[in-house]
Amino acid sequence: MSQSISIEKVKYALHKVVENLEKNRQYLNDLDSPIGDSDHGESVCNAFHKIQEIVDKFPEEKRDIGELLQAVGKSIVLSGGAAMGPLYGTAFMDAGKAVLGKEELTPADLVQMWEAFAGGIKRRGQVELGDKTMYDTIYPSFLALQKAYEEGKSLKEMLREAIEGAQEGMESTKDLVSKRGRSSRLGERSRGHIDPGAASSYFIIEAFFGSLIDN
Amino acid sequence: MSQSISIEKVKYALHKVVENLEKNRQYLNDLDSPIGDSDHGESVCNAFHKIQEIVDKFPEEKRDIGELLQAVGKSIVLSGGAAMGPLYGTAFMDAGKAVLGKEELTPADLVQMWEAFAGGIKRRGQVELGDKTMYDTIYPSFLALQKAYEEGKSLKEMLREAIEGAQEGMESTKDLVSKRGRSSRLGERSRGHIDPGAASSYFIIEAFFGSLIDN
Amino acid sequence: MKVKKFINQPENLIEEMLEGFVIANQNKVKRLETERVLVRKDAPVTGKVGIVTGGGSGHKPAFIGYIGRGLVDAVAVGDIFAAPPVQRVYEAIKAADAGKGVLLCLGNYSGDVMNFGMAQELAQSEGIEVESVIVNDDVASSPKERMDNRRGVAGEVILWKVAGALAEEGADLKKIKEVGERAVFNTRSMGVAHTPCILPTTGKPSFQIGEEEMEIGVGHHGEPGIKRTKMMSADEVTELLTRQVLEDLPFQRGDEVTVLVNGLGSTSLLEMYICFRKVAQILSDYGIKIHRTYMGEFFTSLEMGGFSVTLTKMDEELKRLIDAPCDGIHFVQH
Amino acid sequence: MKVKKFINQPENLIEEMLEGFVIANQNKVKRLETERVLVRKDAPVTGKVGIVTGGGSGHKPAFIGYIGRGLVDAVAVGDIFAAPPVQRVYEAIKAADAGKGVLLCLGNYSGDVMNFGMAQELAQSEGIEVESVIVNDDVASSPKERMDNRRGVAGEVILWKVAGALAEEGADLKKIKEVGERAVFNTRSMGVAHTPCILPTTGKPSFQIGEEEMEIGVGHHGEPGIKRTKMMSADEVTELLTRQVLEDLPFQRGDEVTVLVNGLGSTSLLEMYICFRKVAQILSDYGIKIHRTYMGEFFTSLEMGGFSVTLTKMDEELKRLIDAPCDGIHFVQH
Ligand SMILES: Nc1ncnc2c1ncn2[C@@H]1O[C@H](COP(=O)(O)OP(=O)(O)O)[C@@H](O)[C@H]1O
Ligand SMILES: Nc1ncnc2c1ncn2[C@@H]1O[C@H](COP(=O)(O)OP(=O)(O)O)[C@@H](O)[C@H]1O
Ligand SMILES: [Mg+2]
Ligand SMILES: [Mg+2]
Ligand SMILES: [Mg+2]
Ligand SMILES: [Mg+2]
């Protein structure tokens, strides 16, 4: 496996993200029922569906991965809606900004990009770790990615550990009491359920990083 | 058993009518569900409930059975409501009119009274035999009463045969297609169900004539 | 199935509802002391024919929600799905009469026809001028040859609107009856339901129906209609209702109609707008113009799931009356 | 449980609904060509601050039913229960702005807050004056100490009414924001539900609940409230809601309030009047006077079974604005 990531790989990874969300659409709706409003799968899938076109129409000759991610983020912000729209949209926009001008991503770039992605969620959502949101999936995945990088692991290992970090993060939300978003009004009653946003973030990371591993 | 009927017996019989309807309240609602609006038991019971007071408050010294029946009929007409209110109310008023001034009812009076009762239904409801209504219970019961009388049977036998006539009449409605009232819009779909009004009429007759037998 | 309803003792429910209703709408309505009759606050209105209606309870906003300027003056309130008794209708007539007479508006049900009819006779015998118009708009309830046997359903709203507006203009009883009858003659409806209501008095559903079924042509007390079918799409069922309604009255290319899409209780306005869209498409195909559209719950059957489509063929006079402002309790128009 | 709804393809349902809505109400409303935004026919109205609102679909008559004179100018229409995206809100702002600025009215949901907030920034960056008022009236959704975390529910209707009336009077943006915020601060609500709605997009119920249970303090997307209990009588549940609402705001003897009893979808008006009767009794016990009562379906959750009680403490200015006439599509007042 190559130690850098091309724009083609990113495009492919984005398609895989859409696929994976679509596969889990109803599961995400179901997670959003006991502590939310039962629409998370719908909202995420509808918003991400549109990015396929952005990706497909992104001119062949343009090679800037940052620009691509910004275009994706802008689409999600402007036409995504729901809570996840501004959150994922901002995350992609910030991620794009962090790697603007890059035509290949090195492991270091990837770490930087993902830090910005997590930062976008934090900034837009005014959220902390442990608030029982998507941030609880995304930030741990960044930490794992960074740690693996600092330990000098291979890109493949980095990606694998980021996915594991995301999964642990997602699962951690089950025992948390929500502090942000719709479920934050439930107090103790929010405990015992995985946060739907944490789950969709996991599916995004699983597909995005996973496809980079296989690729 | 005496061959004439006193006002006390009529009063007692009216109480028995209320009791019998009350006992069959839900059954009458249920009959009114497939071919009507599910309220016949409610309407009949509420209206007849009020006649208990009329009967109880009817002055001891007044002995006129016709007057009593008219008072009962007037109450049902004025405050009964639904389809059954004007129908049963008119029937009782007409029945009262037919025996106005009588302090005892002979078998002949009874026949006349019941003919008027049936006539009241027919007049108010513009109804014919076979239209699948309460008239299909009431008119046959009159015919049976009259026949038994003409054959010189005892009062007891007359009453018994009137009840049997009523029962047969009620059951006959099951196979009929409705021509009157709410169920008349169902055409063939009204077939196969006993008419709720035919059933309430049977319970009235069963209790009224039945209590005169036992008494 | 357990009954989930916000009620107290079932035997008190109409009285409690009316108590709430009178408090909530005390600027527009008052209750007679003697009888369960609600009347417009300023009734009898001098110089105006009184408009009286009524019927069984459970159809809110009908009947009492239509009390108000440009609409109804007095309502005789029956028990759940039961016509009001004679005395009550009679008191409503008296309360609405300002000396110019009273028009009774009622649905074509033998209970209503008999009770209103006897009350009318009683009032007439005391010198009050009383006429009546009987609504029979439900095309599903009898073939055209037996039109006078048809049920009255949501079309009654059109009668109240038209007769109420005309009465407010100061027209006389004869004229109002004539125009009211024309409005009824020009009105056709048909409904569908997939879920019964539960009668609060008995805790029982108004009808039985399968998990995937609906009843085409249902009455608004849950009376069976024409047939039981599988659930259809919004477009299919709307097409079925609309065509049946259209074909019943000789509607012609160039005609103008008022459309009323009436929710029977639990069907959402969202669904009804989807269905209305199809009504509009069909009318446009027929070359029929929509004069005015009413969308919402106008004549319900408690929480029954379903809706009905009503079309009224307009003429210049009916247009003026439909468009007139009114200030009913649950029916307001500028 | 099979889904019994009158819809066609679930993915088309909002578009089809809007198509019907625009045809039915074409005298009052138009749709932007570029975005799923509905605006008052004559918007932008010269000399008037624009009132913009929006949110997820499924709450009919909210939001689009409140478009009209004395109410709302533009609505950004989201998917079922999903906040509208930034671009859409931004287009709504532009469509409503007549140069006097725009007030955004929204419920306190992170989706709405973020999308409206970003749209506001976008519009401001282009020189449009934009302010916002966020509704947080649901007392069941957070303790008083964390009031700014509470959900917005039916109280938003009060904001539209008040802000809309003030805008129609020609007030400036600052003033409307100030009075709007006071109206919100004076408004408290709480709801109850016993039956979920079925999301037409997924065919799934919005929540699970037992055959004899109800959810106290439910949100109008089916969000859990305070507790799950056995069904209670109308009086018991109304007392519970009303006292909790009353105790949250320092209502005092002699205060005047506007009462809004809102049906969440399938609960009948008959039941709601029974419940209102109890609200009125409690208010009377507290020595609180009712200024005006709104009864009906103002902000639903599709066909959810349940209702909510909203109280707004009045002052002279709020009374004038609440009483002002308005001519919304589904909210008309003389
Ligand atoms: N302020 C916030 N910060 C971070 N994440 C949030 C915030 N608010 C909501 N979320 C996330 O959004 C998810 C819900 O998304 P979605 O269903 O699209 O929104 P809505 O609650 O408006 O229906 C939650 O599960 C949570 O992970
Ligand atoms: N025109 C009529 N003549 C005779 N009986 C009638 C007529 N109309 C209705 N009925 C009787 O009334 C019964 C229904 O009574 P009820 O339930 O009180 O009235 P509603 O149909 O108004 O609910 C029917 O079953 C039928 O027996
Ligand atoms: Mg959600
Ligand atoms: Mg009946
Ligand atoms: Mg009835
Ligand atoms: Mg949502």
# chains A, B, ... in the order shown; residues from 1 in each chain; ligands from 1
$ residues_around --residues "range 74-85 of chain A" --least-positions-apart "6" --cutoff "6 Å" --atoms "only C-alpha atoms" --output "list in words"
Ala47 of chain A; Ala82, Ala83, Pro84, Pro85, Val86, Gln87, Ser110 and Gly111 of chain D
$ write_last_selection --atoms "C-alpha atoms" --output "short mmCIF file (atom, residue, chain, number, x, y, z; two decimals), in the first residue's frame"
data_model
loop_
_atom_site.label_atom_id
_atom_site.label_comp_id
_atom_site.auth_asym_id
_atom_site.auth_seq_id
_atom_site.Cartn_x
_atom_site.Cartn_y
_atom_site.Cartn_z
CA ALA A 47 -27.36 15.08 2.35
CA ALA D 82 -35.40 18.02 9.76
CA ALA D 83 -34.28 21.63 9.98
CA PRO D 84 -34.10 23.37 6.60
CA PRO D 85 -30.60 23.82 5.21
CA VAL D 86 -28.70 27.09 5.21
CA GLN D 87 -29.24 28.00 1.57
CA SER D 110 -29.55 22.53 17.36
CA GLY D 111 -30.38 21.85 13.72
#
$ residues_near_ligand --ligand "ligand 4" --cutoff "7 Å" --atoms "only C-alpha atoms and all ligand atoms" --output "list in words"
Asp32, Gly36, Asp37, Ser38, Asp39 and His40 of chain B; Ala82 of chain C
$ residues_around --residues "Leu110 in chain A" --least-positions-apart "5" --cutoff "10 Å" --atoms "only C-alpha atoms" --output "PDB file with all heavy atoms, in the first residue's frame"
ATOM      1  N   SER A   4       0.912   7.417   0.395  1.00  0.00           N
ATOM      2  CA  SER A   4       0.203   8.696   0.220  1.00  0.00           C
ATOM      3  C   SER A   4      -1.108   8.458  -0.529  1.00  0.00           C
ATOM      4  O   SER A   4      -1.309   7.414  -1.155  1.00  0.00           O
ATOM      5  CB  SER A   4       1.094   9.695  -0.524  1.00  0.00           C
ATOM      6  OG  SER A   4       1.063   9.416  -1.898  1.00  0.00           O
ATOM      7  N   ILE A   5      -1.988   9.465  -0.427  1.00  0.00           N
ATOM      8  CA  ILE A   5      -3.369   9.283  -0.906  1.00  0.00           C
ATOM      9  C   ILE A   5      -3.642  10.268  -2.033  1.00  0.00           C
ATOM     10  O   ILE A   5      -3.493  11.487  -1.862  1.00  0.00           O
ATOM     11  CB  ILE A   5      -4.345   9.523   0.260  1.00  0.00           C
ATOM     12  CG1 ILE A   5      -4.041   8.533   1.409  1.00  0.00           C
ATOM     13  CG2 ILE A   5      -5.776   9.410  -0.189  1.00  0.00           C
ATOM     14  CD1 ILE A   5      -4.663   8.919   2.727  1.00  0.00           C
ATOM     15  N   ALA A  95     -11.829  20.538   7.038  1.00  0.00           N
ATOM     16  CA  ALA A  95     -10.857  19.522   6.624  1.00  0.00           C
ATOM     17  C   ALA A  95     -10.224  19.921   5.292  1.00  0.00           C
ATOM     18  O   ALA A  95      -9.007  19.821   5.095  1.00  0.00           O
ATOM     19  CB  ALA A  95     -11.538  18.156   6.508  1.00  0.00           C
ATOM     20  N   ALA A  98      -7.728  22.657   5.614  1.00  0.00           N
ATOM     21  CA  ALA A  98      -6.469  22.213   6.218  1.00  0.00           C
ATOM     22  C   ALA A  98      -5.514  21.582   5.200  1.00  0.00           C
ATOM     23  O   ALA A  98      -4.308  21.570   5.409  1.00  0.00           O
ATOM     24  CB  ALA A  98      -6.768  21.217   7.350  1.00  0.00           C
ATOM     25  N   VAL A  99      -6.063  21.079   4.104  1.00  0.00           N
ATOM     26  CA  VAL A  99      -5.183  20.439   3.110  1.00  0.00           C
ATOM     27  C   VAL A  99      -5.282  21.141   1.758  1.00  0.00           C
ATOM     28  O   VAL A  99      -5.008  20.537   0.708  1.00  0.00           O
ATOM     29  CB  VAL A  99      -5.502  18.928   2.973  1.00  0.00           C
ATOM     30  CG1 VAL A  99      -5.202  18.213   4.284  1.00  0.00           C
ATOM     31  CG2 VAL A  99      -6.950  18.687   2.551  1.00  0.00           C
ATOM     32  N   GLU A 104      -1.748  15.317  -3.099  1.00  0.00           N
ATOM     33  CA  GLU A 104      -1.527  14.007  -2.479  1.00  0.00           C
ATOM     34  C   GLU A 104      -1.563  14.252  -0.975  1.00  0.00           C
ATOM     35  O   GLU A 104      -1.089  15.282  -0.517  1.00  0.00           O
ATOM     36  CB  GLU A 104      -0.116  13.477  -2.795  1.00  0.00           C
ATOM     37  CG  GLU A 104       0.153  13.174  -4.240  1.00  0.00           C
ATOM     38  CD  GLU A 104      -0.073  11.700  -4.533  1.00  0.00           C
ATOM     39  OE1 GLU A 104       0.469  10.860  -3.771  1.00  0.00           O
ATOM     40  OE2 GLU A 104      -0.819  11.378  -5.482  1.00  0.00           O
ATOM     41  N   LEU A 105      -2.072  13.306  -0.261  1.00  0.00           N
ATOM     42  CA  LEU A 105      -2.025  13.448   1.203  1.00  0.00           C
ATOM     43  C   LEU A 105      -0.995  12.489   1.771  1.00  0.00           C
ATOM     44  O   LEU A 105      -1.093  11.270   1.573  1.00  0.00           O
ATOM     45  CB  LEU A 105      -3.390  13.147   1.831  1.00  0.00           C
ATOM     46  CG  LEU A 105      -4.576  14.007   1.404  1.00  0.00           C
ATOM     47  CD1 LEU A 105      -5.813  13.600   2.198  1.00  0.00           C
ATOM     48  CD2 LEU A 105      -4.283  15.496   1.599  1.00  0.00           C
ATOM     49  N   GLU A 115      -7.760  16.274  12.097  1.00  0.00           N
ATOM     50  CA  GLU A 115      -7.832  17.179  13.246  1.00  0.00           C
ATOM     51  C   GLU A 115      -8.783  18.341  12.923  1.00  0.00           C
ATOM     52  O   GLU A 115      -9.605  18.743  13.734  1.00  0.00           O
ATOM     53  CB  GLU A 115      -6.435  17.724  13.579  1.00  0.00           C
ATOM     54  CG  GLU A 115      -6.453  18.648  14.788  1.00  0.00           C
ATOM     55  CD  GLU A 115      -5.044  18.943  15.315  1.00  0.00           C
ATOM     56  OE1 GLU A 115      -4.075  18.850  14.521  1.00  0.00           O
ATOM     57  OE2 GLU A 115      -4.927  19.234  16.519  1.00  0.00           O
ATOM     58  N   ALA A 116      -8.659  18.838  11.703  1.00  0.00           N
ATOM     59  CA  ALA A 116      -9.520  19.939  11.286  1.00  0.00           C
ATOM     60  C   ALA A 116     -10.978  19.486  11.188  1.00  0.00           C
ATOM     61  O   ALA A 116     -11.912  20.221  11.541  1.00  0.00           O
ATOM     62  CB  ALA A 116      -9.053  20.489   9.944  1.00  0.00           C
ATOM     63  N   PHE A 142      -9.534  10.677  15.662  1.00  0.00           N
ATOM     64  CA  PHE A 142      -8.386  11.549  15.385  1.00  0.00           C
ATOM     65  C   PHE A 142      -7.231  11.225  16.331  1.00  0.00           C
ATOM     66  O   PHE A 142      -6.071  11.099  15.901  1.00  0.00           O
ATOM     67  CB  PHE A 142      -8.776  13.019  15.502  1.00  0.00           C
ATOM     68  CG  PHE A 142      -7.596  13.908  15.778  1.00  0.00           C
ATOM     69  CD1 PHE A 142      -6.602  14.098  14.808  1.00  0.00           C
ATOM     70  CD2 PHE A 142      -7.429  14.515  17.024  1.00  0.00           C
ATOM     71  CE1 PHE A 142      -5.486  14.895  15.069  1.00  0.00           C
ATOM     72  CE2 PHE A 142      -6.316  15.302  17.295  1.00  0.00           C
ATOM     73  CZ  PHE A 142      -5.332  15.490  16.318  1.00  0.00           C
ATOM     74  N   LEU A 145      -5.526   8.107  15.286  1.00  0.00           N
ATOM     75  CA  LEU A 145      -4.784   8.338  14.047  1.00  0.00           C
ATOM     76  C   LEU A 145      -3.456   9.041  14.360  1.00  0.00           C
ATOM     77  O   LEU A 145      -2.379   8.650  13.895  1.00  0.00           O
ATOM     78  CB  LEU A 145      -5.630   9.206  13.114  1.00  0.00           C
ATOM     79  CG  LEU A 145      -5.142   9.378  11.677  1.00  0.00           C
ATOM     80  CD1 LEU A 145      -5.415   8.109  10.869  1.00  0.00           C
ATOM     81  CD2 LEU A 145      -5.876  10.559  11.010  1.00  0.00           C
ATOM     82  N   GLN A 146      -3.568  10.066  15.161  1.00  0.00           N
ATOM     83  CA  GLN A 146      -2.392  10.863  15.523  1.00  0.00           C
ATOM     84  C   GLN A 146      -1.362  10.018  16.274  1.00  0.00           C
ATOM     85  O   GLN A 146      -0.161  10.046  15.992  1.00  0.00           O
ATOM     86  CB  GLN A 146      -2.837  12.045  16.385  1.00  0.00           C
ATOM     87  CG  GLN A 146      -1.732  13.041  16.658  1.00  0.00           C
ATOM     88  CD  GLN A 146      -2.211  14.145  17.594  1.00  0.00           C
ATOM     89  OE1 GLN A 146      -2.892  13.866  18.584  1.00  0.00           O
ATOM     90  NE2 GLN A 146      -1.858  15.367  17.272  1.00  0.00           N
ATOM     91  N   TYR A 149       0.392   7.642  14.087  1.00  0.00           N
ATOM     92  CA  TYR A 149       1.335   8.392  13.269  1.00  0.00           C
ATOM     93  C   TYR A 149       2.593   8.715  14.074  1.00  0.00           C
ATOM     94  O   TYR A 149       3.712   8.503  13.615  1.00  0.00           O
ATOM     95  CB  TYR A 149       0.684   9.673  12.761  1.00  0.00           C
ATOM     96  CG  TYR A 149       1.652  10.607  12.070  1.00  0.00           C
ATOM     97  CD1 TYR A 149       2.188  10.284  10.822  1.00  0.00           C
ATOM     98  CD2 TYR A 149       2.034  11.809  12.676  1.00  0.00           C
ATOM     99  CE1 TYR A 149       3.086  11.139  10.197  1.00  0.00           C
ATOM    100  CE2 TYR A 149       2.932  12.665  12.057  1.00  0.00           C
ATOM    101  CZ  TYR A 149       3.441  12.329  10.808  1.00  0.00           C
ATOM    102  OH  TYR A 149       4.340  13.170  10.184  1.00  0.00           O
ATOM    103  N   LEU A 155       0.635   3.746   7.221  1.00  0.00           N
ATOM    104  CA  LEU A 155      -0.647   4.384   6.909  1.00  0.00           C
ATOM    105  C   LEU A 155      -1.792   3.408   7.157  1.00  0.00           C
ATOM    106  O   LEU A 155      -2.820   3.759   7.739  1.00  0.00           O
ATOM    107  CB  LEU A 155      -0.638   4.868   5.456  1.00  0.00           C
ATOM    108  CG  LEU A 155      -1.904   5.557   4.960  1.00  0.00           C
ATOM    109  CD1 LEU A 155      -2.269   6.756   5.824  1.00  0.00           C
ATOM    110  CD2 LEU A 155      -1.747   5.995   3.501  1.00  0.00           C
ATOM    111  N   MET A 158      -2.326   3.120  10.760  1.00  0.00           N
ATOM    112  CA  MET A 158      -2.949   4.376  11.216  1.00  0.00           C
ATOM    113  C   MET A 158      -4.460   4.347  10.964  1.00  0.00           C
ATOM    114  O   MET A 158      -5.270   4.652  11.837  1.00  0.00           O
ATOM    115  CB  MET A 158      -2.353   5.571  10.452  1.00  0.00           C
ATOM    116  CG  MET A 158      -1.006   6.045  10.942  1.00  0.00           C
ATOM    117  SD  MET A 158      -0.333   7.281   9.786  1.00  0.00           S
ATOM    118  CE  MET A 158      -1.534   8.611   9.906  1.00  0.00           C
ATOM    119  N   LEU A 159      -4.799   3.991   9.736  1.00  0.00           N
ATOM    120  CA  LEU A 159      -6.219   3.998   9.356  1.00  0.00           C
ATOM    121  C   LEU A 159      -7.006   2.983  10.183  1.00  0.00           C
ATOM    122  O   LEU A 159      -8.110   3.261  10.664  1.00  0.00           O
ATOM    123  CB  LEU A 159      -6.356   3.682   7.858  1.00  0.00           C
ATOM    124  CG  LEU A 159      -5.801   4.775   6.917  1.00  0.00           C
ATOM    125  CD1 LEU A 159      -5.679   4.247   5.484  1.00  0.00           C
ATOM    126  CD2 LEU A 159      -6.672   6.024   6.950  1.00  0.00           C
TER     127      LEU A 159
END
$ atom_distance --atom1 "CA of Thr106 in chain B" --atom2 "CA of Gln3 in chain B"
6.7 Å
$ residues_near_ligand --ligand "ligand 2" --cutoff "9 Å" --atoms "only C-alpha atoms and all ligand atoms" --output "PyMOL selection string"
(chain B and resi 28-29+31-32+35-44+80-85+87+121-128+131-136+178-184+194-201) or (chain C and resi 56+81-83+109-112+114+221)
$ write_last_selection --atoms "C-alpha atoms" --output "compact mmCIF listing (two decimals), in the first residue's frame"
# COMPACT_ATOMS: atom_id res chain seq x y z
CA LEU B 28 -77.34 -3.16 20.91
CA ASN B 29 -74.34 -0.91 20.31
CA LEU B 31 -75.44 -4.68 16.46
CA ASP B 32 -75.40 -1.02 15.36
CA ILE B 35 -74.72 -1.45 9.61
CA GLY B 36 -75.08 1.76 11.59
CA ASP B 37 -73.22 4.13 13.86
CA SER B 38 -72.68 1.99 16.96
CA ASP B 39 -74.85 4.01 19.30
CA HIS B 40 -78.23 2.33 19.41
CA GLY B 41 -77.80 0.90 22.91
CA GLU B 42 -76.66 4.26 24.21
CA SER B 43 -79.55 6.13 22.65
CA VAL B 44 -82.26 3.70 23.69
CA GLY B 80 -84.92 11.01 23.43
CA GLY B 81 -83.16 12.09 20.29
CA ALA B 82 -81.55 9.80 17.69
CA ALA B 83 -83.82 7.93 15.27
CA MET B 84 -85.31 5.84 18.01
CA GLY B 85 -86.60 8.88 19.97
CA LEU B 87 -90.14 6.46 16.70
CA ILE B 121 -93.80 3.49 14.27
CA LYS B 122 -95.20 3.08 10.78
CA ARG B 123 -96.54 6.62 10.67
CA ARG B 124 -93.42 8.30 12.02
CA GLY B 125 -90.95 6.16 10.13
CA GLN B 126 -92.87 5.90 6.85
CA VAL B 127 -91.98 2.28 7.08
CA GLU B 128 -93.29 -0.99 5.65
CA ASP B 131 -87.81 -2.66 5.47
CA LYS B 132 -85.46 -4.11 8.10
CA THR B 133 -86.39 -1.88 11.01
CA MET B 134 -87.95 -2.11 14.44
CA TYR B 135 -91.28 -2.35 12.65
CA ASP B 136 -90.37 -5.87 11.59
CA SER B 178 -82.53 -2.41 4.63
CA LYS B 179 -84.86 0.17 3.14
CA ARG B 180 -85.06 2.68 6.00
CA GLY B 181 -82.72 4.50 8.32
CA ARG B 182 -78.97 4.62 8.34
CA SER B 183 -78.49 1.06 7.07
CA SER B 184 -80.65 1.69 4.02
CA ILE B 194 -79.93 -8.22 12.70
CA ASP B 195 -81.29 -4.67 12.72
CA PRO B 196 -80.43 -2.99 16.04
CA GLY B 197 -83.84 -1.31 16.28
CA ALA B 198 -85.53 -4.64 15.67
CA ALA B 199 -83.50 -6.02 18.55
CA SER B 200 -84.29 -3.19 20.95
CA SER B 201 -87.96 -3.59 20.09
CA GLY C 56 -74.90 14.22 17.01
CA PHE C 81 -73.56 10.40 16.88
CA ALA C 82 -77.19 10.76 18.02
CA ALA C 83 -79.61 13.33 16.60
CA TYR C 109 -80.43 10.99 8.64
CA SER C 110 -83.75 9.61 9.76
CA GLY C 111 -82.99 10.66 13.34
CA ASP C 112 -82.29 14.25 12.37
CA MET C 114 -87.66 13.19 12.39
CA HIS C 221 -70.18 7.98 11.59
$ select_by_dssp --residues "range 40-72 of chain A" --states "alpha helix (DSSP H)" --output "list in words"
His40, Gly41, Glu42, Ser43, Val44, Cys45, Asn46, Ala47, Phe48, His49, Lys50, Ile51, Gln52, Glu53, Ile54, Val55, Asp56, Lys57, Ile65, Gly66, Glu67, Leu68, Leu69, Gln70, Ala71 and Val72 of chain A
$ select_by_dssp --residues "range 1-247 of chain C" --states "strand (DSSP E)" --output "ChimeraX atom specification"
/C:29-31,37-40,50-57,68-69,74-80,102-107,130-135,187-195,213-216,227-230
$ residues_around --residues "His291 in chain C" --least-positions-apart "6" --cutoff "8 Å" --atoms "only C-alpha atoms" --output "ChimeraX atom specification"
/C:256-259,314,319
$ atom_distance --atom1 "CA of Met214 in chain D" --atom2 "CA of Thr300 in chain D"
16.9 Å
$ residues_around --residues "Gln52 in chain B" --least-positions-apart "2" --cutoff "10 Å" --atoms "only C-alpha atoms" --output "VMD selection string"
chain B and resid 11 to 12 14 to 18 47 to 50 54 to 58 72
$ write_last_selection --atoms "C-alpha atoms" --output "compact mmCIF listing (two decimals), in the first residue's frame"
# COMPACT_ATOMS: atom_id res chain seq x y z
CA LYS B 11 -95.77 0.73 35.60
CA TYR B 12 -93.93 -2.36 36.70
CA LEU B 14 -92.15 -0.22 32.06
CA HIS B 15 -89.50 -0.56 34.72
CA LYS B 16 -88.75 -4.02 33.43
CA VAL B 17 -88.37 -2.62 29.93
CA VAL B 18 -85.71 -0.18 31.14
CA ALA B 47 -84.02 7.79 26.54
CA PHE B 48 -85.73 4.98 28.44
CA HIS B 49 -83.77 5.76 31.55
CA LYS B 50 -85.69 9.01 31.83
CA ILE B 54 -92.04 9.81 34.63
CA VAL B 55 -93.48 6.55 35.86
CA ASP B 56 -92.43 7.07 39.47
CA LYS B 57 -93.73 10.63 39.56
CA PHE B 58 -97.03 9.77 37.90
CA VAL B 72 -93.90 8.27 28.60
$ closest_residue --among "B:Lys9, B:Ser33, B:Ile204, B:Glu53" --to "ligand 5" --atoms "only C-alpha atoms and all ligand atoms"
B:Ser33
$ residues_around --residues "Arg63 in chain A" --least-positions-apart "4" --cutoff "10 Å" --atoms "only C-alpha atoms" --output "ChimeraX atom specification"
/A:6-8,58-59,67-68,101-104
$ residues_around --residues "Gly127 in chain D" --least-positions-apart "2" --cutoff "12 Å" --atoms "only C-alpha atoms" --output "JSON list (two decimals) with C-alpha atoms, in the first residue's frame"
[["chain", "number", "residue", "atom", "x", "y", "z"],
["D", 93, "ILE", "CA", -34.50, 35.87, 4.23],
["D", 94, "LYS", "CA", -33.82, 37.48, 0.88],
["D", 97, "ASP", "CA", -36.51, 41.53, 3.07],
["D", 99, "GLY", "CA", -35.08, 46.80, 3.14],
["D", 100, "LYS", "CA", -36.28, 47.05, 6.73],
["D", 101, "GLY", "CA", -34.60, 43.84, 7.78],
["D", 102, "VAL", "CA", -35.80, 40.40, 8.73],
["D", 120, "GLN", "CA", -28.24, 34.81, 9.14],
["D", 121, "GLU", "CA", -24.48, 35.35, 8.92],
["D", 122, "LEU", "CA", -24.57, 34.82, 5.17],
["D", 123, "ALA", "CA", -27.37, 37.37, 4.74],
["D", 124, "GLN", "CA", -25.74, 39.85, 7.09],
["D", 125, "SER", "CA", -22.52, 39.55, 5.13],
["D", 129, "GLU", "CA", -30.22, 43.33, 8.63],
["D", 130, "VAL", "CA", -31.21, 40.09, 10.34]]
